[in-house]
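Read the structure below first, then the notes.
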Amino acid sequence: MFLQTLNQLMKERDISKSDLSRSAGIPYTTIDGWYKKSYEGVRLETLLKLSNFFDISIDFLVHGKSDGITLEEKRLCTKYSKLDKHGQKVVNFVIDEELRRVTEAQLEQVHYQPTDNAKQYIPLYLTAAAAGLAAPIEGDDFEMIELPPNIPRRAQFAVRISGDSMEPQFEDGQTVYCVKDGVSLSDGDIGIFCVDGAYYCKQYRSDGESMYLISINRKRSDSDITIWGSGSRRATFLGKVLGIKS
């Protein structure tokens with residue numbers, strides 16, 4: 001594992017054994033010997049030089065991972081930490097979109113179109129959609145549940161409400177059933193939204209330029225969200241709420 005990790009690190013830096021020797025201050029014969037003979041018994045001082053040069057832990061260098069993190073994951077984390085806020089926001093958006101794509105692909109394997117008398121199953125996301133509180137949905141774990149008879153057959157997923165900002169219409173702990181394909185929102189509709197990476201269940205309003213995500217419980221007006229047309233906040237519509245079940 002040590003040589004495998006070392007080879008990958010050298011490949012990423014595009015350096016040879018000679019380059020590593022000069023840059024890390026390790027004799028070339030020592031490095032060459034690891035490949036020709038054995039790397040068992042590498043001195044701690046040498047491991048420290050390699051660790052400092054590649055900016056990784058000794059454990060990572062020797063075992064190729066640390067606390068379950070692979071070398072590739074470590075490399076990505078290091079790159080992410082060097083980005084500014086804008087760059088990190090872009091990366092987070094791409095990850096969210098890819099998680100959504102993977103989740104939809106998984107659902108295509110288990111979801112089917114029912115006949116009139118057949119039972120219909122849809123995913124219930126195990127993390128609650130937040131009624132005023134942030135909670136992830138797309139990419140989260142889910143379980144398949146039977147669609148109740150009083151819910152429209154076009155429902156595609158379900159989430160549980162968390163919080164009191166949508167009372168009395170939606171109470172804490174209720175399950176809401178949503179559709180996301182081929183729908184548009186009109187003023188007054190209830191939807192599931194992602195705003196700057198956080199997820200909400202809110203009532204939709206718009207003046208044609210800006211979007212207003214309203215809490216039905218006006219005692220919780222502090223949790224209203226405004227997406228100004230000229231602002232930098234990002235909002236994504238995930239689904240329209242069709243019905244509820246306690």
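Labeling convention for the structure tokens: chains A, B, ... as they appear, residues from 1 per chain, ligands from 1 in order of appearance.
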Nearby residues (only C-alpha atoms) at most 8 Å from Ala24 (chain A), same-chain spacing under 2 positions excluded, as a VMD selection string: chain A and resid 20 to 22 26 49 to 50 53
Give me the residues near Ser18 (chain A) as a ChimeraX atom specification, where near means some atom within 12 Å (using only C-alpha atoms) and where sequence neighbours in that chain fewer than 6 positions away do not count. /A:10,24-32
Would you save the residues of that selection, restricted to C-alpha atoms, as an mmCIF file, in the first residue's frame?
data_model
loop_
_atom_site.group_PDB
_atom_site.id
_atom_site.type_symbol
_atom_site.label_atom_id
_atom_site.label_comp_id
_atom_site.auth_asym_id
_atom_site.auth_seq_id
_atom_site.Cartn_x
_atom_site.Cartn_y
_atom_site.Cartn_z
ATOM 1 C CA MET A 10 4.182 11.211 -7.525
ATOM 2 C CA ALA A 24 11.918 16.028 -0.208
ATOM 3 C CA GLY A 25 15.597 15.728 0.801
ATOM 4 C CA ILE A 26 15.666 11.938 0.707
ATOM 5 C CA PRO A 27 18.628 10.106 -0.883
ATOM 6 C CA TYR A 28 17.802 8.659 -4.286
ATOM 7 C CA THR A 29 19.294 5.306 -3.302
ATOM 8 C CA THR A 30 16.815 5.117 -0.409
ATOM 9 C CA ILE A 31 13.816 5.719 -2.677
ATOM 10 C CA ASP A 32 15.119 3.410 -5.382
#
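When CA of Ser232 (chain A) is paired with CA of Asn92 (chain A), their separation reads 15.4 Å.
Take the candidates A:Ile15, A:Leu147, A:Ile58, A:Ile244 and check each one against Gln174 (chain A) using only C-alpha atoms; the shortest distance goes to A:Ile244.
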Please report, as a VMD selection string, each residue of region 133-233 of chain A to which DSSP assigns strand (DSSP E) when run on this structure's backbone. chain A and resid 142 to 146 157 to 162 175 to 179 190 to 195 198 to 206 211 to 214 225 to 227
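By only C-alpha atoms, and with residues fewer than 2 positions from region 176-180 of chain A along its chain excluded, the set lying at most 9 Å from it is Leu124, Leu147, Ile151, Pro152, Arg154, Ala155, Gln156, Phe157, Ala158, Val159, Arg160, Ile161, Phe170, Gln174, Gly182, Val183, Ser184, Gly191, Ile192, Phe237, Leu238, Gly239, Lys240, Val241, Leu242, Gly243, Ile244, Lys245 and Ser246 of chain A.
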CA of Asp189 (chain A) and CA of Asn150 (chain A), how far apart in Å? 18.9 Å
